[in-house]
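File shown: data-v1.tsv. Contents: TSV, C-alpha atoms.
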chain	number	residue	atom	x	y	z
A	1	MET	CA	113.96	91.89	115.93
A	2	SER	CA	116.57	93.35	113.62
A	3	ALA	CA	120.19	93.61	114.70
A	4	ASP	CA	120.14	97.38	114.36
A	5	PRO	CA	116.83	98.75	115.55
A	6	PRO	CA	116.49	102.31	114.29
A	7	ALA	CA	116.98	104.72	117.14
A	8	GLY	CA	113.77	105.92	118.68
A	9	THR	CA	111.53	104.32	116.10
A	10	GLU	CA	110.76	101.00	117.77
A	11	PRO	CA	107.82	101.98	119.94
A	12	ARG	CA	107.81	100.68	123.50
A	13	GLY	CA	104.66	98.66	122.83
A	14	ALA	CA	104.95	97.51	119.25
A	15	HIS	CA	101.97	95.25	119.87
A	16	SER	CA	99.76	98.07	121.04
A	17	GLY	CA	100.67	99.91	117.83
A	18	LEU	CA	99.74	96.82	115.85
A	19	ARG	CA	96.40	96.59	117.63
A	20	ALA	CA	95.75	100.30	117.16
A	21	GLY	CA	96.40	99.91	113.43
A	22	VAL	CA	94.01	96.97	113.20
A	23	ARG	CA	91.32	98.88	115.08
A	24	ALA	CA	91.76	102.03	113.01
A	25	VAL	CA	91.51	100.23	109.69
A	26	LEU	CA	88.52	97.95	110.42
A	27	PRO	CA	85.90	100.53	109.38
A	28	PHE	CA	87.51	100.91	105.96
A	29	SER	CA	87.81	97.20	105.44
A	30	VAL	CA	84.07	97.11	104.65
A	31	ALA	CA	84.57	99.47	101.71
A	32	VAL	CA	87.74	97.64	100.68
A	33	ILE	CA	85.86	94.32	100.64
A	34	GLY	CA	83.12	95.86	98.48
A	35	PHE	CA	85.72	96.99	95.96
A	36	GLY	CA	87.64	93.71	96.18
A	37	LEU	CA	84.48	91.80	95.23
A	38	SER	CA	83.84	94.07	92.28
A	39	TYR	CA	87.49	93.93	91.21
A	40	GLY	CA	87.26	90.13	91.13
A	41	VAL	CA	84.16	90.36	88.94
A	42	LEU	CA	85.74	92.95	86.60
A	43	ALA	CA	88.94	90.92	86.30
A	44	ARG	CA	86.96	87.84	85.19
A	45	ALA	CA	85.11	89.96	82.62
A	46	ALA	CA	88.50	91.20	81.36
A	47	GLY	CA	89.63	87.61	80.79
A	48	PHE	CA	91.67	87.03	83.96
A	49	PRO	CA	91.57	83.47	85.32
A	50	PRO	CA	90.47	83.62	89.01
A	51	LEU	CA	93.99	82.76	90.15
A	52	ALA	CA	95.46	85.65	88.11
A	53	ALA	CA	93.05	88.10	89.75
A	54	VAL	CA	94.05	86.89	93.23
A	55	VAL	CA	97.77	86.90	92.39
A	56	MET	CA	97.41	90.48	91.17
A	57	SER	CA	95.69	91.54	94.40
A	58	GLY	CA	98.44	89.80	96.37
A	59	THR	CA	101.36	91.32	94.48
A	60	THR	CA	100.16	94.67	93.15
A	61	PHE	CA	97.91	95.29	96.18
A	62	ALA	CA	96.70	98.69	94.97
A	63	GLY	CA	93.08	99.10	93.96
A	64	SER	CA	93.19	101.95	91.48
A	65	ALA	CA	95.99	100.42	89.38
A	66	GLN	CA	94.27	97.04	89.32
A	67	PHE	CA	90.91	98.50	88.26
A	68	ALA	CA	92.58	100.62	85.58
A	69	SER	CA	94.56	97.79	84.00
A	70	ALA	CA	91.61	95.36	84.05
A	71	SER	CA	89.28	97.99	82.53
A	72	ILE	CA	91.76	98.68	79.72
A	73	LEU	CA	92.06	94.97	78.84
A	74	GLU	CA	88.31	94.51	79.12
A	75	ALA	CA	87.79	97.38	76.64
A	76	GLY	CA	90.16	95.66	74.21
A	77	GLY	CA	93.20	97.78	75.03
A	78	ALA	CA	96.79	96.61	74.62
A	79	VAL	CA	98.89	95.00	77.34
A	80	GLY	CA	101.32	97.93	77.09
A	81	SER	CA	98.59	100.51	77.83
A	82	ALA	CA	97.27	98.46	80.74
A	83	VAL	CA	100.73	98.12	82.29
A	84	ALA	CA	101.63	101.79	81.70
A	85	ALA	CA	98.40	103.03	83.29
A	86	ALA	CA	98.90	100.83	86.35
A	87	VAL	CA	102.55	101.85	86.78
A	88	LEU	CA	101.68	105.56	86.54
A	89	LEU	CA	98.91	105.11	89.09
A	90	ASN	CA	101.31	103.38	91.46
A	91	ALA	CA	104.19	105.81	90.96
A	92	ARG	CA	102.99	107.72	94.05
A	93	TYR	CA	104.29	104.83	96.15
A	94	ALA	CA	107.86	105.92	95.44
A	95	PRO	CA	107.59	109.21	97.41
A	96	ILE	CA	105.28	107.51	99.93
A	97	GLY	CA	107.94	104.81	100.42
A	98	VAL	CA	110.55	107.46	101.15
A	99	THR	CA	108.36	108.98	103.88
A	100	VAL	CA	108.06	105.65	105.74
A	101	ALA	CA	111.62	104.45	105.09
A	102	PRO	CA	112.91	105.52	108.55
A	103	ILE	CA	110.51	103.13	110.35
A	104	LEU	CA	111.02	100.17	108.00
A	105	GLY	CA	114.37	98.84	109.15
A	106	GLY	CA	115.79	95.35	109.35
A	107	GLY	CA	117.38	93.14	106.72
A	108	LEU	CA	116.87	93.57	103.01
A	109	TRP	CA	114.03	91.04	102.74
A	110	ARG	CA	112.30	92.41	105.79
A	111	ARG	CA	112.42	95.92	104.36
A	112	LEU	CA	111.21	94.70	100.98
A	113	LEU	CA	108.28	92.74	102.44
A	114	THR	CA	107.09	95.29	104.99
A	115	ALA	CA	107.19	97.93	102.24
A	116	GLN	CA	104.53	95.92	100.39
A	117	LEU	CA	102.03	96.59	103.20
A	118	VAL	CA	102.13	100.28	102.39
A	119	VAL	CA	98.92	101.41	100.69
A	120	ASP	CA	97.22	104.81	100.90
A	121	GLU	CA	95.06	103.81	103.87
A	122	SER	CA	97.69	102.05	105.99
A	123	TRP	CA	100.17	104.87	105.30
A	124	ALA	CA	97.72	107.58	106.33
A	125	ILE	CA	96.62	105.66	109.44
A	126	ALA	CA	100.26	105.17	110.51
A	127	ARG	CA	101.05	108.87	110.40
A	128	ARG	CA	101.52	110.52	113.78
A	129	GLY	CA	100.61	114.11	114.54
A	130	ASP	CA	104.27	115.17	114.46
A	131	GLY	CA	104.78	113.93	110.90
A	132	THR	CA	106.59	110.71	111.81
A	133	PHE	CA	105.13	107.25	111.25
A	134	ASP	CA	104.25	104.36	113.56
A	135	ARG	CA	105.55	100.99	112.38
A	136	GLY	CA	103.05	98.93	114.38
A	137	ARG	CA	100.05	100.85	113.08
A	138	LEU	CA	101.36	100.60	109.51
A	139	ILE	CA	101.82	96.85	109.70
A	140	GLY	CA	98.58	96.17	111.62
A	141	ALA	CA	96.48	98.22	109.21
A	142	GLY	CA	98.38	96.89	106.18
A	143	LEU	CA	97.86	93.24	107.14
A	144	VAL	CA	94.10	93.68	107.65
A	145	LEU	CA	93.79	95.45	104.29
A	146	TYR	CA	95.89	92.78	102.60
A	147	VAL	CA	93.70	89.94	103.86
A	148	ALA	CA	90.49	91.86	103.10
A	149	TRP	CA	91.60	92.78	99.59
A	150	THR	CA	92.93	89.40	98.46
A	151	SER	CA	90.13	87.33	99.99
A	152	SER	CA	87.37	89.57	98.60
A	153	THR	CA	89.06	89.47	95.19
A	154	ALA	CA	88.94	85.68	95.35
A	155	LEU	CA	85.25	85.71	96.29
A	156	GLY	CA	84.42	88.14	93.48
A	157	ALA	CA	86.47	86.22	90.92
A	158	LEU	CA	84.82	82.94	91.86
A	159	GLY	CA	81.45	84.58	91.32
A	160	ALA	CA	80.34	84.37	94.92
A	161	GLY	CA	78.94	87.23	96.91
A	162	PHE	CA	78.57	89.71	94.07
A	163	LEU	CA	76.58	92.60	95.48
A	164	GLY	CA	76.25	94.74	92.37
A	165	ASP	CA	77.99	98.01	91.65
A	166	PRO	CA	79.64	99.18	94.90
A	167	ASN	CA	79.01	102.77	93.83
A	168	THR	CA	75.28	102.15	94.35
A	169	PHE	CA	76.17	102.08	98.04
A	170	GLY	CA	78.20	105.26	97.78
A	171	LEU	CA	81.45	103.43	98.47
A	172	ASP	CA	83.26	105.66	95.96
A	173	ALA	CA	82.55	108.57	98.32
A	174	ALA	CA	83.84	106.59	101.31
A	175	PHE	CA	87.47	106.83	100.17
A	176	PRO	CA	87.70	110.61	99.64
A	177	ALA	CA	85.80	111.02	102.94
A	178	LEU	CA	88.39	108.81	104.62
A	179	PHE	CA	91.30	110.74	103.16
A	180	LEU	CA	89.64	114.02	104.15
A	181	ALA	CA	89.22	112.71	107.70
A	182	LEU	CA	92.91	111.77	107.80
A	183	LEU	CA	93.94	115.13	106.35
A	184	TRP	CA	91.76	117.10	108.78
A	185	PRO	CA	93.91	116.85	111.94
A	186	GLN	CA	97.07	117.49	109.92
A	187	ALA	CA	95.88	120.78	108.46
A	188	ARG	CA	96.90	122.73	111.55
A	189	THR	CA	99.94	124.71	110.49
A	190	ALA	CA	100.15	127.30	107.73
A	191	ARG	CA	102.78	125.18	105.98
A	192	ALA	CA	100.58	122.07	106.04
A	193	ILE	CA	97.54	123.99	104.77
A	194	THR	CA	99.62	125.55	101.98
A	195	ALA	CA	100.92	122.11	101.02
A	196	ALA	CA	97.38	120.68	100.97
A	197	LEU	CA	96.05	123.52	98.80
A	198	LEU	CA	99.05	123.29	96.49
A	199	GLY	CA	98.65	119.51	96.18
A	200	ALA	CA	94.92	119.78	95.46
A	201	GLY	CA	95.50	122.57	92.93
A	202	ILE	CA	98.24	120.72	91.07
A	203	ALA	CA	96.18	117.51	90.95
A	204	LEU	CA	93.07	119.26	89.61
A	205	ALA	CA	95.02	121.33	87.09
A	206	LEU	CA	96.78	118.26	85.66
A	207	THR	CA	93.80	115.86	85.62
A	208	PRO	CA	92.47	116.92	82.18
A	209	VAL	CA	95.90	116.95	80.53
A	210	ALA	CA	97.91	114.13	82.13
A	211	PRO	CA	97.23	110.37	82.31
A	212	PRO	CA	95.52	109.26	85.55
A	213	GLY	CA	98.08	108.83	88.33
A	214	VAL	CA	100.43	111.54	87.13
A	215	PRO	CA	98.48	114.37	88.84
A	216	ILE	CA	98.85	112.61	92.22
A	217	VAL	CA	102.59	112.12	91.82
A	218	ALA	CA	103.00	115.70	90.61
A	219	ALA	CA	101.13	116.94	93.68
A	220	ALA	CA	103.66	115.21	95.94
A	221	VAL	CA	106.73	116.10	93.92
A	222	GLY	CA	105.60	119.67	93.19
A	223	CYS	CA	105.23	120.20	96.90
A	224	LEU	CA	108.80	119.02	97.47
A	225	MET	CA	110.07	121.46	94.88
A	226	GLY	CA	108.09	124.31	96.35
A	227	TRP	CA	109.64	123.85	99.78
A	228	ARG	CA	113.19	123.12	98.80
A	229	ARG	CA	115.45	125.84	100.01
B	230	MET	CA	101.08	83.30	78.20
B	231	SER	CA	97.72	85.05	78.22
B	232	GLU	CA	97.48	88.83	78.17
B	233	ALA	CA	95.97	88.79	81.64
B	234	TRP	CA	98.88	86.89	83.18
B	235	LEU	CA	101.36	89.15	81.41
B	236	VAL	CA	99.69	92.21	82.96
B	237	VAL	CA	99.59	90.53	86.37
B	238	LEU	CA	103.30	89.72	86.29
B	239	LEU	CA	104.53	93.03	84.84
B	240	VAL	CA	102.37	95.28	87.02
B	241	GLY	CA	103.04	93.12	90.09
B	242	ALA	CA	106.81	93.25	89.61
B	243	ALA	CA	106.79	97.00	88.91
B	244	THR	CA	104.63	97.77	91.94
B	245	VAL	CA	106.70	95.62	94.30
B	246	ALA	CA	109.79	97.48	93.09
B	247	ILE	CA	108.20	100.94	93.35
B	248	LYS	CA	106.97	100.29	96.88
B	249	ALA	CA	110.32	98.85	97.94
B	250	VAL	CA	112.64	101.49	96.55
B	251	GLY	CA	112.44	103.92	99.51
B	252	PRO	CA	112.59	101.36	102.34
B	253	VAL	CA	115.26	99.21	100.63
B	254	PHE	CA	117.66	102.08	99.96
B	255	LEU	CA	116.86	104.32	102.92
B	256	GLY	CA	115.23	101.87	105.34
B	257	GLY	CA	115.81	102.10	109.06
B	258	ARG	CA	117.83	105.30	108.97
B	259	PRO	CA	116.65	108.80	109.68
B	260	LEU	CA	116.18	110.75	106.46
B	261	PRO	CA	118.78	113.40	105.56
B	262	GLY	CA	117.87	116.70	107.21
B	263	ARG	CA	116.97	118.41	103.98
B	264	VAL	CA	114.60	115.61	102.97
B	265	GLN	CA	113.16	115.35	106.48
B	266	GLY	CA	111.96	118.94	106.31
B	267	VAL	CA	109.83	118.44	103.24
B	268	VAL	CA	108.68	114.87	103.84
B	269	GLY	CA	106.26	116.11	106.48
B	270	LEU	CA	104.51	118.10	103.78
B	271	VAL	CA	104.08	115.16	101.40
B	272	ALA	CA	101.22	113.77	103.48
B	273	PRO	CA	98.94	116.83	103.41
B	274	ALA	CA	99.73	117.47	99.72
B	275	LEU	CA	99.12	113.87	98.71
B	276	LEU	CA	96.01	113.40	100.85
B	277	ALA	CA	94.48	116.60	99.46
B	278	ALA	CA	95.32	115.47	95.91
B	279	LEU	CA	93.66	112.08	96.58
B	280	VAL	CA	90.55	113.78	97.97
B	281	VAL	CA	90.03	116.16	95.04
B	282	THR	CA	90.77	113.59	92.33
B	283	GLN	CA	88.51	110.98	93.92
B	284	VAL	CA	85.72	113.55	94.18
B	285	PHE	CA	86.01	115.35	90.84
B	286	ALA	CA	87.91	113.13	88.40
B	287	LYS	CA	86.52	110.43	86.15
B	288	GLY	CA	89.38	109.31	83.94
B	289	GLN	CA	90.76	112.53	82.54
B	290	SER	CA	87.59	114.58	82.88
B	291	LEU	CA	86.54	116.67	85.84
B	292	LEU	CA	82.90	116.58	86.84
B	293	VAL	CA	80.61	117.32	89.75
B	294	ASP	CA	78.41	114.40	90.79
B	295	GLU	CA	76.97	112.77	93.91
B	296	ARG	CA	80.45	112.13	95.31
B	297	LEU	CA	80.79	115.84	96.10
B	298	LEU	CA	77.68	115.76	98.28
B	299	GLY	CA	79.16	112.84	100.21
B	300	VAL	CA	82.42	114.65	100.88
B	301	VAL	CA	80.67	117.89	101.86
B	302	VAL	CA	78.64	115.88	104.37
B	303	ALA	CA	81.92	114.34	105.58
B	304	ALA	CA	83.44	117.81	106.07
B	305	VAL	CA	80.42	118.95	108.09
B	306	ALA	CA	80.63	115.80	110.23
B	307	LEU	CA	84.36	116.43	110.79
B	308	ALA	CA	83.63	120.01	111.82
B	309	PHE	CA	81.28	118.58	114.46
B	310	ARG	CA	84.09	116.25	115.58
B	311	ALA	CA	82.29	113.09	114.54
B	312	PRO	CA	84.33	109.86	114.81
B	313	ILE	CA	85.99	108.81	111.57
B	314	LEU	CA	83.73	105.79	111.10
B	315	VAL	CA	80.63	108.00	111.34
B	316	VAL	CA	82.17	110.44	108.86
B	317	VAL	CA	82.79	107.71	106.28
B	318	ILE	CA	79.35	106.11	106.72
B	319	LEU	CA	77.57	109.47	106.39
B	320	ALA	CA	79.52	110.26	103.21
B	321	ALA	CA	78.67	106.92	101.61
B	322	ALA	CA	75.03	107.14	102.73
B	323	ALA	CA	74.59	110.69	101.39
B	324	THR	CA	76.07	109.72	98.03
B	325	ALA	CA	74.04	106.52	97.80
B	326	LEU	CA	70.84	108.39	98.70
B	327	ALA	CA	71.48	111.12	96.14
B	328	ARG	CA	72.08	108.46	93.46
B	329	ALA	CA	68.93	106.59	94.40
B	330	LEU	CA	66.85	109.75	94.16
B	331	ARG	CA	68.32	110.92	90.88

As structure tokens, how would this structure be written, given the file I've shared?
Amino acid sequence: MSADPPAGTEPRGAHSGLRAGVRAVLPFSVAVIGFGLSYGVLARAAGFPPLAAVVMSGTTFAGSAQFASASILEAGGAVGSAVAAAVLLNARYAPIGVTVAPILGGGLWRRLLTAQLVVDESWAIARRGDGTFDRGRLIGAGLVLYVAWTSSTALGALGAGFLGDPNTFGLDAAFPALFLALLWPQARTARAITAALLGAGIALALTPVAPPGVPIVAAAVGCLMGWRR
Amino acid sequence: MSEAWLVVLLVGAATVAIKAVGPVFLGGRPLPGRVQGVVGLVAPALLAALVVTQVFAKGQSLLVDERLLGVVVAAVALAFRAPILVVVILAAAATALARALR
């Protein structure tokens, strides 16, 4: 335990939070494994050695950025475009990181490593009704997703267990459905509903004119601007 | 070094840094009051943005396809207070079915 536990943020039963996070994320792990397999296959097609695909899943650990950069290389695009697309897609993790900063205490390395377990799903699962976050749930969900994502990438990259296009199974609808389900209980106050509508509007308006990833960041940042007094 | 490894290293390093910036500089302390007030609104804004882009966007174009049916089914299931797992399975199944029948 860190020398200076943040006041009121270490839950009484950190282990029960951990278990709750693991339980909450298991359903989504199936979809994550489907996409991990297909990412491994795509990465090989784009000229990644199997080890490079697994290292990317273990370090970048963010599906959309990994798919985007591999697709760009596979289509003959430049390294610069692939890196830029991935960085833009992951830029949302800067504001997301700020929202969970209060629960990620401890030494520098501990903060740096636990921050890596933050992905859209673990972040959303860790959010409490009052707008604060649960460290145990974040870490439990993040660890399950990490293992699922890296191991399925390895399987896909080694050519084993390829199931075909995951979209055939509707897995691309599973993620927006998940995010809608996580948004649902939060859309209770007028402020939260306004923020959700504003975020959706900004993202849709910018999609045709901005590179992928930018609309999502703008939705978060635009919301901050709108509410700054 | 191959192009693939270069992408792996650059994107990996950038992402680790992006994810770490908030927790490393602000970690373990309550956010300043002004920030605290708006941070609660980032989640609904960001989740809604993720939903609409994952339903309607394909690269930079907006289009309506089978994903929308899946998410509408999810919304109906949520309105009937279905558990989250059921919601996600119904959405995937509806989208898969619509694609199979197309």

I'd like the interatomic distance between atom CA of Ala173 of chain A and atom CA of Ala321 of chain B, to a tenth of an Å.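 The value is 5.3 Å.
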
Near chain A, meaning an atom within 6 Å, which residues of chain B appear when counting only C-alpha atoms? Write them as number ranges by chain. B: 233, 237, 240-241, 244, 247-249, 251-253, 255-259, 267-269, 271, 273-278, 280, 283, 289-290, 296, 299-300, 303, 314, 317, 320-321, 324-325

Between A:Val214, A:Ala190, A:Leu158, A:Ala148, which residue has the minimum interatomic distance to Ser29 of chain A, considering only C-alpha atoms? A:Ala148

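Atom CA of Ala272 of chain B sits 21.1 Å away from atom CA of Arg310 of chain B.
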
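Here atom CA of Thr189 of chain A is placed at a distance of 27.6 Å from atom CA of Arg23 of chain A.
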
Centre and edge lengths of an axis-aligned box around all listed atoms of segment 119-127 of chain A, with 3 Å added on each side, are to be given in Å to one decimal, as JSON.
{"center_x": 98.1, "center_y": 105.1, "center_z": 105.6, "size_x": 12.0, "size_y": 13.5, "size_z": 15.8}
